[in-house]
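J.: Coordinates in final-v6.json, JSON, C-alpha atoms, are listed below.
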[["chain", "number", "residue", "atom", "x", "y", "z"],
["E", 14, "MET", "CA", -13.20, 15.71, -2.80],
["E", 15, "LYS", "CA", -13.32, 12.50, -0.78],
["E", 16, "LEU", "CA", -11.02, 10.76, -3.29],
["E", 17, "ILE", "CA", -8.43, 13.53, -3.03],
["E", 18, "LEU", "CA", -8.59, 13.40, 0.76],
["E", 19, "ASN", "CA", -8.10, 9.61, 0.72],
["E", 20, "LEU", "CA", -5.12, 9.92, -1.63],
["E", 21, "LEU", "CA", -3.53, 12.62, 0.53],
["E", 22, "LEU", "CA", -4.02, 10.58, 3.70],
["E", 23, "THR", "CA", -2.45, 7.57, 2.02],
["E", 24, "ALA", "CA", 0.45, 9.77, 0.88],
["E", 25, "VAL", "CA", 0.97, 10.97, 4.45],
["E", 26, "ALA", "CA", 0.93, 7.37, 5.68],
["E", 27, "VAL", "CA", 3.44, 6.31, 3.01],
["E", 28, "PHE", "CA", 5.72, 9.24, 3.87],
["E", 29, "VAL", "CA", 5.58, 8.50, 7.61],
["E", 30, "LEU", "CA", 6.19, 4.78, 7.16],
["E", 31, "ALA", "CA", 9.12, 5.46, 4.85],
["E", 32, "HIS", "CA", 10.80, 7.30, 7.71],
["E", 33, "VAL", "CA", 9.90, 4.62, 10.27],
["E", 34, "LEU", "CA", 10.84, 1.48, 8.31],
["E", 35, "SER", "CA", 14.46, 1.10, 7.29],
["E", 36, "GLY", "CA", 13.78, -0.90, 4.11],
["E", 37, "VAL", "CA", 11.39, 1.64, 2.56],
["E", 38, "THR", "CA", 12.54, 4.89, 0.96],
["E", 39, "VAL", "CA", 10.54, 7.75, -0.51],
["E", 40, "ASP", "CA", 12.41, 10.68, -2.04],
["E", 41, "SER", "CA", 9.88, 13.45, -1.44],
["E", 42, "TYR", "CA", 6.31, 14.19, -0.53],
["E", 43, "VAL", "CA", 5.42, 14.48, -4.22],
["E", 44, "THR", "CA", 6.74, 10.95, -4.68],
["E", 45, "ALA", "CA", 4.54, 9.81, -1.79],
["E", 46, "ILE", "CA", 1.51, 11.31, -3.56],
["E", 47, "ILE", "CA", 2.48, 9.48, -6.75],
["E", 48, "VAL", "CA", 2.88, 6.26, -4.74],
["E", 49, "SER", "CA", -0.61, 6.66, -3.28],
["E", 50, "VAL", "CA", -2.11, 7.21, -6.75],
["E", 51, "ILE", "CA", -0.26, 4.23, -8.24],
["E", 52, "LEU", "CA", -1.25, 2.01, -5.29],
["E", 53, "ALA", "CA", -4.89, 3.04, -5.76],
["E", 54, "VAL", "CA", -4.77, 2.22, -9.47],
["E", 55, "LEU", "CA", -3.01, -1.11, -8.90],
["E", 56, "ASN", "CA", -5.45, -2.04, -6.14],
["E", 57, "PHE", "CA", -8.35, -1.20, -8.44],
["E", 58, "PHE", "CA", -7.19, -3.05, -11.57],
["E", 59, "ILE", "CA", -4.55, -5.67, -10.68],
["E", 60, "LYS", "CA", -5.51, -6.83, -7.18],
["E", 61, "PRO", "CA", -8.93, -8.29, -8.11],
["E", 62, "ILE", "CA", -7.32, -10.32, -10.89],
["E", 63, "LEU", "CA", -4.67, -11.66, -8.51],
["E", 64, "VAL", "CA", -7.30, -12.49, -5.89],
["E", 65, "ILE", "CA", -9.36, -14.45, -8.40],
["E", 66, "PHE", "CA", -6.33, -16.39, -9.70],
["E", 67, "THR", "CA", -5.13, -17.23, -6.19],
["E", 68, "LEU", "CA", -8.53, -17.95, -4.67],
["E", 69, "PRO", "CA", -7.81, -21.63, -3.87],
["E", 70, "ILE", "CA", -4.60, -20.86, -1.98],
["E", 71, "THR", "CA", -6.30, -17.90, -0.28],
["E", 72, "ILE", "CA", -9.06, -20.19, 0.96],
["E", 73, "LEU", "CA", -6.53, -22.81, 2.00],
["E", 74, "THR", "CA", -4.56, -20.28, 4.06],
["E", 75, "LEU", "CA", -7.74, -18.74, 5.50],
["E", 76, "GLY", "CA", -7.06, -15.40, 3.81],
["E", 77, "LEU", "CA", -3.45, -14.95, 4.91],
["E", 78, "PHE", "CA", -2.28, -15.15, 1.30],
["E", 79, "LEU", "CA", -3.88, -11.73, 0.79],
["E", 80, "LEU", "CA", -0.90, -10.31, 2.70],
["E", 81, "ILE", "CA", 1.36, -11.71, -0.02],
["E", 82, "ILE", "CA", -0.86, -10.19, -2.71],
["E", 83, "ASN", "CA", -0.66, -6.79, -0.97],
["E", 84, "ALA", "CA", 3.12, -7.13, -0.78],
["E", 85, "VAL", "CA", 3.32, -7.97, -4.48],
["E", 86, "ILE", "CA", 1.24, -4.87, -5.28],
["E", 87, "ILE", "CA", 3.64, -2.75, -3.19],
["E", 88, "LEU", "CA", 6.69, -4.29, -4.86],
["E", 89, "LEU", "CA", 5.13, -3.66, -8.26],
["E", 90, "ALA", "CA", 4.60, -0.01, -7.32],
["E", 91, "SER", "CA", 8.21, 0.08, -6.15],
["E", 92, "ASN", "CA", 9.33, -1.09, -9.58],
["E", 93, "LEU", "CA", 7.13, 1.43, -11.39],
["E", 94, "ILE", "CA", 8.13, 4.54, -9.40],
["E", 95, "ASP", "CA", 11.72, 5.80, -9.39],
["E", 96, "GLY", "CA", 11.74, 7.60, -6.04],
["E", 97, "PHE", "CA", 10.08, 4.78, -4.11],
["E", 98, "SER", "CA", 11.82, 1.55, -3.15],
["E", 99, "VAL", "CA", 11.09, -1.41, -0.91],
["E", 100, "SER", "CA", 14.00, -3.71, -0.09],
["E", 101, "SER", "CA", 12.34, -7.12, 0.27],
["E", 102, "ILE", "CA", 9.07, -9.05, 0.33],
["E", 103, "TRP", "CA", 9.14, -9.12, 4.15],
["E", 104, "THR", "CA", 9.52, -5.36, 4.29],
["E", 105, "ALA", "CA", 6.63, -5.05, 1.82],
["E", 106, "ILE", "CA", 4.44, -7.27, 4.01],
["E", 107, "LEU", "CA", 5.26, -5.22, 7.10],
["E", 108, "PHE", "CA", 4.75, -2.00, 5.13],
["E", 109, "SER", "CA", 1.37, -3.27, 3.95],
["E", 110, "ILE", "CA", 0.19, -4.12, 7.45],
["E", 111, "LEU", "CA", 1.40, -0.85, 8.95],
["E", 112, "LEU", "CA", -0.03, 1.14, 6.04],
["E", 113, "SER", "CA", -3.46, -0.37, 6.63],
["E", 114, "ILE", "CA", -3.30, 0.41, 10.35],
["E", 115, "LEU", "CA", -2.05, 3.96, 9.84],
["E", 116, "GLU", "CA", -4.62, 4.68, 7.13],
["E", 117, "SER", "CA", -7.39, 3.46, 9.44],
["E", 118, "LEU", "CA", -6.17, 5.77, 12.19],
["E", 119, "LEU", "CA", -5.90, 8.76, 9.87],
["E", 120, "HIS", "CA", -9.33, 8.15, 8.37],
["E", 121, "SER", "CA", -10.87, 7.92, 11.83],
["E", 122, "PHE", "CA", -9.48, 11.37, 12.69],
["E", 123, "VAL", "CA", -11.02, 13.03, 9.62],
["E", 124, "LYS", "CA", -14.23, 11.02, 9.56],
["E", 125, "GLU", "CA", -17.09, 12.81, 7.83],
["E", 126, "ASP", "CA", -20.69, 12.65, 9.01]]
Write out the structure in this file as structure tokens.

T.:
Amino acid sequence: MKLILNLLLTAVAVFVLAHVLSGVTVDSYVTAIIVSVILAVLNFFIKPILVIFTLPITILTLGLFLLIINAVIILLASNLIDGFSVSSIWTAILFSILLSILESLLHSFVKED
């Protein structure tokens, strides 16, 4: 149940940010749900591999390179899903930052005890 709630909150955040940012488009709410599922899968399988491979540059940049890794994950999801597109790496970085903030806000509203 908690997983479904997290995926739905991420889908809401993706849908809202697609209407706020000009470089991000999502065709429908169903596409936003698919985006949240694909982002969860990519973050589970691909992101740890990328973090391990780029560990020296991540340490050198004091962790700021993780923003680039998040943007690459979002661009990869954009290439995998037809109804979801992100225009550039800078838009993906901004989308990643705003998605994290919005997800934190949404999760704080529905926090379980």

J.: Can you list, as a compact mmCIF listing (two decimals) with C-alpha atoms, in the frame of the given file, every protein, DNA or RNA residue that comes within 12 Å of segment 34-46 of chain E when you count all atoms listed in the file, leaving out same-chain residues fewer than 6 positions away?

T.:
# COMPACT_ATOMS: atom_id res chain seq x y z
CA ILE E 17 -8.43 13.53 -3.03
CA LEU E 18 -8.59 13.40 0.76
CA ASN E 19 -8.10 9.61 0.72
CA LEU E 20 -5.12 9.92 -1.63
CA LEU E 21 -3.53 12.62 0.53
CA LEU E 22 -4.02 10.58 3.70
CA THR E 23 -2.45 7.57 2.02
CA ALA E 24 0.45 9.77 0.88
CA VAL E 25 0.97 10.97 4.45
CA ALA E 26 0.93 7.37 5.68
CA VAL E 27 3.44 6.31 3.01
CA PHE E 28 5.72 9.24 3.87
CA LEU E 52 -1.25 2.01 -5.29
CA ALA E 53 -4.89 3.04 -5.76
CA ILE E 87 3.64 -2.75 -3.19
CA LEU E 88 6.69 -4.29 -4.86
CA ALA E 90 4.60 -0.01 -7.32
CA SER E 91 8.21 0.08 -6.15
CA LEU E 93 7.13 1.43 -11.39
CA ILE E 94 8.13 4.54 -9.40
CA ASP E 95 11.72 5.80 -9.39
CA GLY E 96 11.74 7.60 -6.04
CA PHE E 97 10.08 4.78 -4.11
CA SER E 98 11.82 1.55 -3.15
CA VAL E 99 11.09 -1.41 -0.91
CA SER E 100 14.00 -3.71 -0.09
CA SER E 101 12.34 -7.12 0.27
CA ILE E 102 9.07 -9.05 0.33
CA TRP E 103 9.14 -9.12 4.15
CA THR E 104 9.52 -5.36 4.29
CA ALA E 105 6.63 -5.05 1.82
CA ILE E 106 4.44 -7.27 4.01
CA LEU E 107 5.26 -5.22 7.10
CA PHE E 108 4.75 -2.00 5.13
CA SER E 109 1.37 -3.27 3.95
CA LEU E 111 1.40 -0.85 8.95
CA LEU E 112 -0.03 1.14 6.04

J.: So which residues touch segment 59-73 of chain E within 12 Å, counting only C-alpha atoms, skipping near sequence neighbours fewer than 5 positions away, as a PyMOL selection string?

T.: chain E and resi 51-54+78-87+89-90

J.: Rank nothing, just name the residue among E:His32, E:Met14, E:Leu77, E:Val50 nearest to Ile110 of chain E, using only C-alpha atoms.

T.: E:Leu77

J.: How many Å separate atom CA of Lys15 of chain E from atom CA of Phe58 of chain E?

T.: 19.9 Å

J.: For the atom pair atom CA of Leu118 of chain E and atom CA of Asn92 of chain E, what is the interatomic distance in Å to one decimal place?

T.: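 Pair atom CA of Leu118 of chain E / atom CA of Asn92 of chain E returns 27.6 Å.
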
J.: If I take atom CA of Ile114 of chain E and atom CA of Ile47 of chain E, how far is one from the other in Å, to one decimal?

T.: 20.2 Å
